[in-house]
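Engineer: Just dropping this structure here.
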Amino acid sequence: MNSEHILSIQGVTKRYAKHTAIENISIDIPKNKIFGLLGPNGAGKTSLIRIINQITAPDEGQILFNGSPLTLSHESKIGYLPEERGLYKKMKVGEQALYLARLKGLSKSKAMELLKFWFEKFEITTWWDKKIEELSKGMQQKVQFIVTVLHEPELLILDEPFSGFDPINAALIRNEILRLKENGTTIVLSTHNMSSVEEICDDIALIYKSKKILDGSVKQVKEDRKQNIYNVSYLGDKMKFSQALWIDAELIESEVDGKLQTAKVKLLNNKTPNDLLKALIPHVEIHALHEEVPSMNDVFIQRVNEINKEMEVIS
Amino acid sequence: MNKIWLIIEREYLTRVKKKSFLLITLLGPLVLALGGAAAIWLTMKEDVTHKVLVIDDKAPAFNNLQDTKNVKFNYANNMDLQQSKEMFYESDYTCILWIPDNIESGGITKLFYKKQPSANVIRGIEDQVEGVVEELKLEQYKIDKADFRAVKTNFTLNAIKYSETGDEEKLDKGKTYIGFAFGLLIYMFIFLYGVQVMRGVIEEKSNRIIEVIITSVRPFHLMLGKIIGVGLVSLTQFALWIILTLGVFSIAQATILDSFSAEKISAQSQVTPEIAKDLETQGKIDKTGLMDPNNIISRTNWTVMIALFMFYFLGGYFLYGALFAAVGSAVDNETDTQQFMMPITSPLVIAYIFSATSVVQNPEGPIAFWLSIFPLTSPIAMLVRVALGVGEGGIPIWEVALSIFLLILGSIVAVWFAAKIYRVGILMHGKKPSYKELWKWLKYSN
């Protein structure tokens, strides 16, 4: 029980009749973090989530929950918001929420108490006796979110949590996710939208064509992908700027932003920004210099391209 | 297990609370009972009095027909048929009864009417004319009336089963009709509620709520909970129907039928007292015979019948309910179900058709035997047969035991089979699967 990982996925493989959905994936999800499970559609994210939720079982490998093998008794400790949301259309909101909460193992009175809290928090108490089909899509999503987190799971798996929400409600959900993390919940966000998770995820794993192709902390992953490229803002002559560069400093891009010029310079052969500054200062007036850190999107595309090349080489 | 109860509770309550359930539950017996009562009431209340003009070409032989409550005879011996027809629509006569002069040698008697008299009225007139013709013939052949009454025989054959141990029991077909009524109920309820199970599965699948639920419960429990929940709804509806039908019928009986005293009823029937007396003296009506429905009812073993009805209903419902659930899980919407419904409903329909014909006619024949053993058809066919009784004089105990055993086995296999399809099917969206794919699903390990 004292494992530092809430979930430890070890060499999990899942095959279907014609294809392999997941191939030998190992991921450790640290406690009390927001973990991004990234990858394009069809990469195998949903298959993996279904295995974690014990909807299906892996063909190979195992999963540890808090250090012990995942069993059905862990069901009540996991909350899951599937990508395809759905509720009973003809059932009343309150009745339905109560039913789903009790299925997760809450007692009727406890479920009522928590529902009251959440309905007040989301200001939807008046919906209690409405049928789901009378609510708008966004409203239904709110109900579904409440149902997902109501039983205070240790591990919350959210599949594309922001799709279907308008910006205001998306912000509401985002804040809720951050608050849950503060309260000790571990959250797994599954998405193909890299930028949406960049700010809130601590760690990520990238799934591509059934395999894990990258994982680590967001910071580290980006750090590892830095290419020693610097953005330099300066006042002065563009010609002089390029002439000042030497063989180990390659000008990639250059643009004018009002009076200020911006250039992207890639440093080779272990040259430092100090070397660059020394060379430039005599010729132009430097206003800013900062290292370019790749976005998750860049990292993703880069890594995918690498993998595709590797595969081409093999075949 | 706790969760199964929750599922059963939801499946049950959401259905029972529906307005349509209430409506069908209330209207069903009301329509049935009131319809039945109204039919009886209407036949009794046949107030139209028929004024019949008798044109007797053999006068005065037929000049003494007896008036009944709604048939009054008038005689016009000075008129021939043609004349009477000409004045028919100017008169207030409703019918013209024309007796040909060769009536006792096969001449055809005709009744002309303005508005068709009821079958009862026609039968009443027939009986009377028949009586007179008989008397004419008795005279013609010089037969004494008393002798004739003594000779006249009303014959029925009593078919009796003689068992090995020497017990005798009548194998009467009337009983099989009672059995068939039970079988028909099972047929209706399996269809009605099997389809409800299927709809429920499709609903969860197309709503996509299924994925949320199966993170809390096993698919097998969800399926079982649904089948049981819907089954309880059917039992509730069934019980309410019985209670309400009896209730409505007895109220209807008390208010409508009581207004007709027994006297009036006998006056209604077109039997003259004389003929009624004849009926009593000639061939005594066998009080335990086939013609008396009350006796069939009292001789049916209701305890066995109802116990077996409950068993076959539940067994059949579970078997078919599971199959319907499997169909529901394999498709995305109801229009796609037809391809898979066919093989499931065929045995049910076959069981129904054969039960209505061969099994009722020959409850101990080979068709009846095989249909009542095979689990997909036994819930309907066996009920027809067991109405004859179980054990001595009825269906051999081993046959019933085998049928029960196979139905239990069949239900378990069906639930197992359905669970395999269901588990995979509920997560599959998009293309409608082929039978080949379903076969593959069966073999998925988990």
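In the structure tokens, chains take letters A, B, ... by order of appearance, with residues numbered from 1 within each chain and ligands from 1 in the order shown.
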How close does each residue of chain A get to chain B, giving the shortest atom pair and distance in Å to one decimal for every residue with an atom at most 10 Å away, counting only C-alpha atoms, sorted by chain and residue number, as CSV?
Structural biologist:
residue,atom,partner,partner_atom,distance
A:Tyr16,CA,B:Tyr444,CA,8.4
A:Ala17,CA,B:Lys440,CA,8.0
A:Arg50,CA,B:Thr215,CA,8.6
A:Ile52,CA,B:Thr215,CA,9.6
A:Asn53,CA,B:Thr215,CA,5.8
A:Gln54,CA,B:Thr215,CA,7.0
A:Ile55,CA,B:Thr215,CA,6.4
A:Thr56,CA,B:Asn446,CA,6.0
A:Ala57,CA,B:Asn446,CA,5.8
A:Pro58,CA,B:Asn446,CA,8.2
A:Asp59,CA,B:Asn446,CA,8.5
A:Leu72,CA,B:Ser216,CA,8.9
A:Ser73,CA,B:Ser216,CA,10.0
A:His74,CA,B:Ser216,CA,9.8
A:Glu75,CA,B:Ser216,CA,6.1
A:Ser76,CA,B:Ser216,CA,7.1
A:Ile78,CA,B:Thr215,CA,8.4
A:Gly79,CA,B:Thr215,CA,8.3
A:Tyr80,CA,B:Val212,CA,6.9
A:Leu81,CA,B:Val212,CA,7.2
A:Pro82,CA,B:Glu211,CA,6.9
A:Glu83,CA,B:Arg208,CA,9.5
A:Glu84,CA,B:Arg208,CA,6.3
A:Arg85,CA,B:Arg208,CA,6.1
A:Gly86,CA,B:Ile209,CA,4.3
A:Leu87,CA,B:Ile209,CA,4.9
A:Tyr88,CA,B:Asn207,CA,6.6
A:Lys89,CA,B:Asn207,CA,7.4
A:Lys90,CA,B:Thr14,CA,9.0
A:Met91,CA,B:Thr14,CA,7.7
A:Glu95,CA,B:Arg10,CA,9.6
A:Gln96,CA,B:Arg10,CA,9.3
A:Tyr99,CA,B:Leu6,CA,7.6
A:Leu100,CA,B:Ile213,CA,7.3
A:Ala101,CA,B:Ser216,CA,9.3
A:Arg102,CA,B:Leu6,CA,7.8
A:Leu103,CA,B:Ser216,CA,5.9
A:Lys104,CA,B:Ser216,CA,5.4
A:Gly105,CA,B:Lys3,CA,8.1
A:Gln144,CA,B:Val212,CA,9.5
A:Val147,CA,B:Val212,CA,9.5
A:Thr148,CA,B:Val212,CA,8.5
Engineer: Would you mind exporting the chosen residues as an mmCIF file, in the first residue's frame, restricted to C-alpha atoms?
Structural biologist:
data_model
loop_
_atom_site.group_PDB
_atom_site.id
_atom_site.type_symbol
_atom_site.label_atom_id
_atom_site.label_comp_id
_atom_site.auth_asym_id
_atom_site.auth_seq_id
_atom_site.Cartn_x
_atom_site.Cartn_y
_atom_site.Cartn_z
ATOM 1 C CA TYR A 16 -8.136 -8.642 -30.763
ATOM 2 C CA ALA A 17 -8.937 -10.993 -33.585
ATOM 3 C CA ARG A 50 -10.778 -0.227 -20.467
ATOM 4 C CA ILE A 52 -7.524 -0.230 -16.134
ATOM 5 C CA ASN A 53 -11.289 -0.114 -15.562
ATOM 6 C CA GLN A 54 -11.380 -3.902 -15.770
ATOM 7 C CA ILE A 55 -13.943 -3.814 -18.534
ATOM 8 C CA THR A 56 -11.574 -6.091 -20.426
ATOM 9 C CA ALA A 57 -8.582 -8.051 -19.234
ATOM 10 C CA PRO A 58 -5.088 -7.911 -20.697
ATOM 11 C CA ASP A 59 -3.706 -10.892 -22.603
ATOM 12 C CA LEU A 72 -12.671 -5.858 -8.700
ATOM 13 C CA SER A 73 -12.514 -4.458 -5.181
ATOM 14 C CA HIS A 74 -10.691 -1.448 -6.630
ATOM 15 C CA GLU A 75 -13.717 -0.531 -8.748
ATOM 16 C CA SER A 76 -15.013 1.867 -6.131
ATOM 17 C CA ILE A 78 -11.664 4.505 -9.646
ATOM 18 C CA GLY A 79 -13.827 7.097 -11.349
ATOM 19 C CA TYR A 80 -14.196 7.078 -15.107
ATOM 20 C CA LEU A 81 -15.557 9.632 -17.509
ATOM 21 C CA PRO A 82 -15.712 7.961 -20.925
ATOM 22 C CA GLU A 83 -15.190 9.898 -24.105
ATOM 23 C CA GLU A 84 -18.643 9.010 -25.337
ATOM 24 C CA ARG A 85 -20.779 10.384 -22.542
ATOM 25 C CA GLY A 86 -24.129 8.919 -21.832
ATOM 26 C CA LEU A 87 -26.917 8.787 -19.298
ATOM 27 C CA TYR A 88 -30.388 7.291 -19.233
ATOM 28 C CA LYS A 89 -32.352 9.832 -21.239
ATOM 29 C CA LYS A 90 -35.721 9.125 -19.693
ATOM 30 C CA MET A 91 -34.539 8.997 -16.106
ATOM 31 C CA GLU A 95 -32.660 9.571 -9.439
ATOM 32 C CA GLN A 96 -30.060 8.659 -11.998
ATOM 33 C CA TYR A 99 -28.428 5.113 -8.852
ATOM 34 C CA LEU A 100 -24.992 5.443 -10.418
ATOM 35 C CA ALA A 101 -23.497 6.526 -7.098
ATOM 36 C CA ARG A 102 -24.983 3.528 -5.329
ATOM 37 C CA LEU A 103 -23.650 1.238 -8.049
ATOM 38 C CA LYS A 104 -20.216 2.570 -7.153
ATOM 39 C CA GLY A 105 -20.821 1.345 -3.642
ATOM 40 C CA GLN A 144 -21.945 13.250 -15.833
ATOM 41 C CA VAL A 147 -21.463 11.305 -11.197
ATOM 42 C CA THR A 148 -17.868 10.481 -12.088
#
Engineer: Run DSSP on the backbone of this structure and report the residues of range 94-235 of chain A it assigns to helix (DSSP H, G or I), as a CSV table (one decimal) with N, CA, C and O atoms, in the first residue's frame.
Structural biologist:
chain,number,residue,atom,x,y,z
A,94,GLY,N,-31.7,13.5,-10.7
A,94,GLY,CA,-31.3,13.1,-9.3
A,94,GLY,C,-31.4,11.6,-9.1
A,94,GLY,O,-30.4,11.0,-8.6
A,95,GLU,N,-32.5,11.0,-9.6
A,95,GLU,CA,-32.7,9.6,-9.4
A,95,GLU,C,-31.5,8.8,-10.1
A,95,GLU,O,-31.0,7.9,-9.5
A,96,GLN,N,-31.1,9.3,-11.2
A,96,GLN,CA,-30.1,8.7,-12.0
A,96,GLN,C,-28.7,8.8,-11.3
A,96,GLN,O,-28.0,7.8,-11.2
A,97,ALA,N,-28.4,10.0,-10.8
A,97,ALA,CA,-27.1,10.2,-10.2
A,97,ALA,C,-27.1,9.3,-8.9
A,97,ALA,O,-26.0,8.8,-8.6
A,98,LEU,N,-28.2,9.2,-8.2
A,98,LEU,CA,-28.2,8.4,-7.0
A,98,LEU,C,-28.0,7.0,-7.4
A,98,LEU,O,-27.2,6.3,-6.7
A,99,TYR,N,-28.6,6.5,-8.4
A,99,TYR,CA,-28.4,5.1,-8.9
A,99,TYR,C,-27.0,4.8,-9.2
A,99,TYR,O,-26.4,3.8,-8.7
A,100,LEU,N,-26.4,5.7,-10.0
A,100,LEU,CA,-25.0,5.4,-10.4
A,100,LEU,C,-24.0,5.5,-9.2
A,100,LEU,O,-23.1,4.8,-9.2
A,101,ALA,N,-24.3,6.4,-8.3
A,101,ALA,CA,-23.5,6.5,-7.1
A,101,ALA,C,-23.6,5.3,-6.3
A,101,ALA,O,-22.6,4.8,-5.7
A,102,ARG,N,-24.8,4.7,-6.1
A,102,ARG,CA,-25.0,3.5,-5.3
A,102,ARG,C,-24.3,2.3,-6.0
A,102,ARG,O,-23.8,1.4,-5.3
A,103,LEU,N,-24.3,2.3,-7.3
A,103,LEU,CA,-23.7,1.2,-8.0
A,103,LEU,C,-22.2,1.3,-7.7
A,103,LEU,O,-21.5,0.2,-7.8
A,108,LYS,N,-27.1,4.9,0.3
A,108,LYS,CA,-28.0,5.9,-0.2
A,108,LYS,C,-27.9,7.2,0.5
A,108,LYS,O,-27.9,8.3,-0.1
A,109,SER,N,-27.7,7.2,1.8
A,109,SER,CA,-27.7,8.5,2.6
A,109,SER,C,-26.4,9.3,2.2
A,109,SER,O,-26.4,10.5,2.1
A,110,LYS,N,-25.3,8.5,2.1
A,110,LYS,CA,-24.0,9.2,1.8
A,110,LYS,C,-24.1,9.8,0.4
A,110,LYS,O,-23.7,10.9,0.2
A,111,ALA,N,-24.7,9.0,-0.5
A,111,ALA,CA,-24.8,9.5,-1.9
A,111,ALA,C,-25.6,10.8,-1.9
A,111,ALA,O,-25.3,11.7,-2.6
A,112,MET,N,-26.7,10.8,-1.2
A,112,MET,CA,-27.6,11.9,-1.2
A,112,MET,C,-26.9,13.2,-0.7
A,112,MET,O,-27.0,14.2,-1.2
A,113,GLU,N,-26.1,13.0,0.4
A,113,GLU,CA,-25.4,14.0,1.0
A,113,GLU,C,-24.4,14.7,0.0
A,113,GLU,O,-24.4,15.9,-0.2
A,114,LEU,N,-23.6,13.8,-0.6
A,114,LEU,CA,-22.6,14.2,-1.6
A,114,LEU,C,-23.3,14.9,-2.8
A,114,LEU,O,-22.8,15.9,-3.3
A,115,LEU,N,-24.4,14.3,-3.2
A,115,LEU,CA,-25.1,14.9,-4.4
A,115,LEU,C,-25.5,16.3,-4.1
A,115,LEU,O,-25.4,17.2,-5.0
A,116,LYS,N,-26.1,16.4,-2.9
A,116,LYS,CA,-26.6,17.8,-2.5
A,116,LYS,C,-25.4,18.8,-2.6
A,116,LYS,O,-25.6,19.9,-3.2
A,117,PHE,N,-24.3,18.4,-2.1
A,117,PHE,CA,-23.1,19.2,-2.1
A,117,PHE,C,-22.7,19.6,-3.5
A,117,PHE,O,-22.6,20.8,-3.8
A,118,TRP,N,-22.6,18.6,-4.4
A,118,TRP,CA,-22.2,18.9,-5.7
A,118,TRP,C,-23.2,19.7,-6.5
A,118,TRP,O,-22.9,20.6,-7.3
A,119,PHE,N,-24.5,19.4,-6.3
A,119,PHE,CA,-25.5,20.1,-7.1
A,119,PHE,C,-25.5,21.6,-6.7
A,119,PHE,O,-25.7,22.4,-7.5
A,120,GLU,N,-25.3,21.8,-5.4
A,120,GLU,CA,-25.2,23.2,-5.0
A,120,GLU,C,-24.0,23.9,-5.5
A,120,GLU,O,-24.0,25.0,-6.0
A,121,LYS,N,-22.9,23.2,-5.5
A,121,LYS,CA,-21.6,23.7,-6.0
A,121,LYS,C,-21.8,24.1,-7.5
A,121,LYS,O,-21.3,25.2,-7.9
A,125,THR,N,-29.3,22.7,-8.6
A,125,THR,CA,-30.2,22.0,-7.7
A,125,THR,C,-31.6,21.9,-8.3
A,125,THR,O,-32.4,21.0,-8.1
A,126,THR,N,-31.9,22.9,-9.2
A,126,THR,CA,-33.3,22.9,-9.8
A,126,THR,C,-33.4,21.8,-10.9
A,126,THR,O,-34.5,21.5,-11.3
A,127,TRP,N,-32.3,21.1,-11.2
A,127,TRP,CA,-32.4,20.1,-12.3
A,127,TRP,C,-32.8,18.7,-11.7
A,127,TRP,O,-33.1,17.8,-12.5
A,132,ILE,N,-33.1,13.7,-18.1
A,132,ILE,CA,-31.8,14.0,-18.8
A,132,ILE,C,-32.1,14.6,-20.2
A,132,ILE,O,-31.5,15.6,-20.6
A,133,GLU,N,-33.1,14.1,-20.9
A,133,GLU,CA,-33.3,14.5,-22.2
A,133,GLU,C,-33.8,16.0,-22.3
A,133,GLU,O,-33.8,16.6,-23.4
A,134,GLU,N,-34.2,16.5,-21.1
A,134,GLU,CA,-34.7,17.9,-21.1
A,134,GLU,C,-33.5,18.9,-21.0
A,134,GLU,O,-33.6,20.1,-21.1
A,137,LYS,N,-26.8,19.6,-24.0
A,137,LYS,CA,-25.6,18.8,-23.9
A,137,LYS,C,-24.6,19.1,-22.9
A,137,LYS,O,-24.1,18.3,-22.1
A,138,GLY,N,-24.3,20.4,-22.8
A,138,GLY,CA,-23.4,20.9,-21.7
A,138,GLY,C,-23.9,20.6,-20.3
A,138,GLY,O,-23.1,20.2,-19.5
A,139,MET,N,-25.2,20.8,-20.1
A,139,MET,CA,-25.8,20.5,-18.8
A,139,MET,C,-25.6,19.0,-18.5
A,139,MET,O,-25.3,18.6,-17.4
A,140,GLN,N,-25.8,18.2,-19.5
A,140,GLN,CA,-25.7,16.7,-19.3
A,140,GLN,C,-24.3,16.4,-18.9
A,140,GLN,O,-24.0,15.5,-18.0
A,141,GLN,N,-23.3,17.1,-19.5
A,141,GLN,CA,-21.9,16.8,-19.2
A,141,GLN,C,-21.6,17.1,-17.8
A,141,GLN,O,-20.8,16.4,-17.1
A,142,LYS,N,-22.2,18.2,-17.3
A,142,LYS,CA,-22.0,18.6,-15.9
A,142,LYS,C,-22.5,17.5,-15.0
A,142,LYS,O,-21.8,17.1,-14.0
A,143,VAL,N,-23.7,17.0,-15.2
A,143,VAL,CA,-24.2,15.9,-14.4
A,143,VAL,C,-23.3,14.7,-14.5
A,143,VAL,O,-23.0,14.1,-13.5
A,144,GLN,N,-22.8,14.4,-15.7
A,144,GLN,CA,-21.9,13.2,-15.8
A,144,GLN,C,-20.6,13.4,-15.1
A,144,GLN,O,-20.1,12.5,-14.5
A,145,PHE,N,-20.1,14.6,-15.1
A,145,PHE,CA,-18.9,14.9,-14.3
A,145,PHE,C,-19.1,14.6,-12.8
A,145,PHE,O,-18.3,14.0,-12.2
A,146,ILE,N,-20.2,15.1,-12.3
A,146,ILE,CA,-20.5,15.0,-10.9
A,146,ILE,C,-20.6,13.5,-10.6
A,146,ILE,O,-20.0,13.0,-9.6
A,147,VAL,N,-21.3,12.7,-11.4
A,147,VAL,CA,-21.5,11.3,-11.2
A,147,VAL,C,-20.1,10.6,-11.2
A,147,VAL,O,-19.9,9.7,-10.4
A,148,THR,N,-19.2,11.1,-12.0
A,148,THR,CA,-17.9,10.5,-12.1
A,148,THR,C,-17.0,10.7,-10.8
A,148,THR,O,-16.3,9.8,-10.4
A,149,VAL,N,-17.1,11.9,-10.2
A,149,VAL,CA,-16.3,12.2,-9.1
A,149,VAL,C,-16.9,12.0,-7.8
A,149,VAL,O,-16.3,12.1,-6.7
A,167,PRO,N,-16.2,27.3,-23.3
A,167,PRO,CA,-15.0,27.8,-22.6
A,167,PRO,C,-15.3,28.0,-21.1
A,167,PRO,O,-14.4,27.7,-20.3
A,168,ILE,N,-16.5,28.5,-20.8
A,168,ILE,CA,-16.7,28.8,-19.3
A,168,ILE,C,-16.8,27.5,-18.5
A,168,ILE,O,-16.2,27.4,-17.5
A,169,ASN,N,-17.6,26.6,-19.0
A,169,ASN,CA,-17.7,25.3,-18.3
A,169,ASN,C,-16.4,24.5,-18.4
A,169,ASN,O,-16.1,23.8,-17.4
A,170,ALA,N,-15.6,24.6,-19.5
A,170,ALA,CA,-14.4,24.0,-19.5
A,170,ALA,C,-13.5,24.5,-18.4
A,170,ALA,O,-12.7,23.7,-17.8
A,171,ALA,N,-13.5,25.8,-18.2
A,171,ALA,CA,-12.7,26.4,-17.1
A,171,ALA,C,-13.1,25.9,-15.8
A,171,ALA,O,-12.3,25.6,-14.9
A,172,LEU,N,-14.5,25.8,-15.6
A,172,LEU,CA,-15.0,25.2,-14.4
A,172,LEU,C,-14.5,23.8,-14.1
A,172,LEU,O,-14.1,23.5,-13.0
A,173,ILE,N,-14.5,23.0,-15.1
A,173,ILE,CA,-14.1,21.6,-15.0
A,173,ILE,C,-12.6,21.6,-14.7
A,173,ILE,O,-12.1,20.9,-13.9
A,174,ARG,N,-11.8,22.5,-15.4
A,174,ARG,CA,-10.4,22.5,-15.2
A,174,ARG,C,-10.1,22.8,-13.7
A,174,ARG,O,-9.2,22.2,-13.1
A,175,ASN,N,-10.8,23.8,-13.2
A,175,ASN,CA,-10.5,24.2,-11.8
A,175,ASN,C,-10.9,23.1,-10.9
A,175,ASN,O,-10.2,22.8,-9.9
A,176,GLU,N,-12.0,22.4,-11.2
A,176,GLU,CA,-12.4,21.2,-10.4
A,176,GLU,C,-11.3,20.2,-10.4
A,176,GLU,O,-11.0,19.6,-9.4
A,177,ILE,N,-10.7,19.9,-11.6
A,177,ILE,CA,-9.7,18.9,-11.7
A,177,ILE,C,-8.5,19.3,-10.8
A,177,ILE,O,-8.0,18.5,-10.1
A,178,LEU,N,-8.1,20.6,-10.9
A,178,LEU,CA,-7.0,21.0,-10.1
A,178,LEU,C,-7.3,20.9,-8.6
A,178,LEU,O,-6.4,20.6,-7.8
A,179,ARG,N,-8.6,21.2,-8.2
A,179,ARG,CA,-8.9,21.2,-6.8
A,179,ARG,C,-8.9,19.7,-6.3
A,179,ARG,O,-8.5,19.4,-5.2
A,180,LEU,N,-9.4,18.8,-7.2
A,180,LEU,CA,-9.4,17.4,-6.8
A,180,LEU,C,-7.9,16.9,-6.6
A,180,LEU,O,-7.6,16.1,-5.7
A,181,LYS,N,-7.0,17.4,-7.4
A,181,LYS,CA,-5.6,17.0,-7.3
A,181,LYS,C,-5.1,17.5,-5.9
A,181,LYS,O,-4.4,16.8,-5.2
A,182,GLU,N,-5.5,18.8,-5.6
A,182,GLU,CA,-5.1,19.3,-4.3
A,182,GLU,C,-5.6,18.4,-3.1
A,182,GLU,O,-4.9,18.3,-2.1
A,194,MET,N,-3.1,17.9,-27.6
A,194,MET,CA,-1.9,18.1,-26.7
A,194,MET,C,-1.9,19.4,-26.0
A,194,MET,O,-1.5,19.4,-24.8
A,195,SER,N,-2.3,20.4,-26.6
A,195,SER,CA,-2.1,21.7,-26.0
A,195,SER,C,-3.1,21.9,-24.8
A,195,SER,O,-2.8,22.6,-23.8
A,196,SER,N,-4.2,21.2,-24.8
A,196,SER,CA,-5.2,21.3,-23.7
A,196,SER,C,-4.7,20.8,-22.4
A,196,SER,O,-5.2,21.2,-21.4
A,197,VAL,N,-3.7,19.9,-22.4
A,197,VAL,CA,-3.3,19.3,-21.2
A,197,VAL,C,-1.9,19.8,-20.8
A,197,VAL,O,-1.5,19.6,-19.6
A,198,GLU,N,-1.3,20.6,-21.7
A,198,GLU,CA,0.1,21.0,-21.4
A,198,GLU,C,0.3,21.7,-20.1
A,198,GLU,O,1.2,21.4,-19.3
A,218,VAL,N,6.3,16.3,-17.9
A,218,VAL,CA,6.2,17.2,-19.0
A,218,VAL,C,7.4,18.1,-19.2
A,218,VAL,O,7.9,18.3,-20.3
A,219,LYS,N,7.9,18.5,-18.1
A,219,LYS,CA,9.1,19.4,-18.1
A,219,LYS,C,10.3,18.7,-18.7
A,219,LYS,O,11.0,19.2,-19.6
A,220,GLN,N,10.5,17.4,-18.2
A,220,GLN,CA,11.7,16.7,-18.7
A,220,GLN,C,11.6,16.3,-20.2
A,220,GLN,O,12.5,16.5,-20.9
A,221,VAL,N,10.4,15.9,-20.6
A,221,VAL,CA,10.2,15.6,-22.0
A,221,VAL,C,10.5,16.7,-22.9
A,221,VAL,O,11.2,16.6,-23.9
A,222,LYS,N,10.0,17.9,-22.5
A,222,LYS,CA,10.3,19.1,-23.3
A,222,LYS,C,11.8,19.4,-23.3
A,222,LYS,O,12.4,19.7,-24.3
A,223,GLU,N,12.3,19.3,-22.1
A,223,GLU,CA,13.8,19.6,-21.9
A,223,GLU,C,14.6,18.7,-22.8
A,223,GLU,O,15.5,19.2,-23.5
A,224,ASP,N,14.2,17.4,-22.8
A,224,ASP,CA,15.0,16.5,-23.6
A,224,ASP,C,14.9,16.8,-25.1
A,224,ASP,O,15.8,16.4,-25.9
Engineer: List the neighbours of Val349 in chain B out to 12 Å using only C-alpha atoms; skip same-chain residues closer than 3 positions along the sequence, and give me the result as number ranges by chain.
Structural biologist: B: 183-184, 186-188, 190-191, 341-346, 352-356, 371, 376-377, 379-381
Engineer: Suppose you want the space between CA of His287 in chain A and CA of Glu199 in chain A; what is it in Å?
Structural biologist: 27.4 Å
Engineer: What is the CA of Val232 in chain A to CA of Ala263 in chain A distance in Å?
Structural biologist: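 Going from CA of Val232 in chain A over to CA of Ala263 in chain A covers 5.2 Å.
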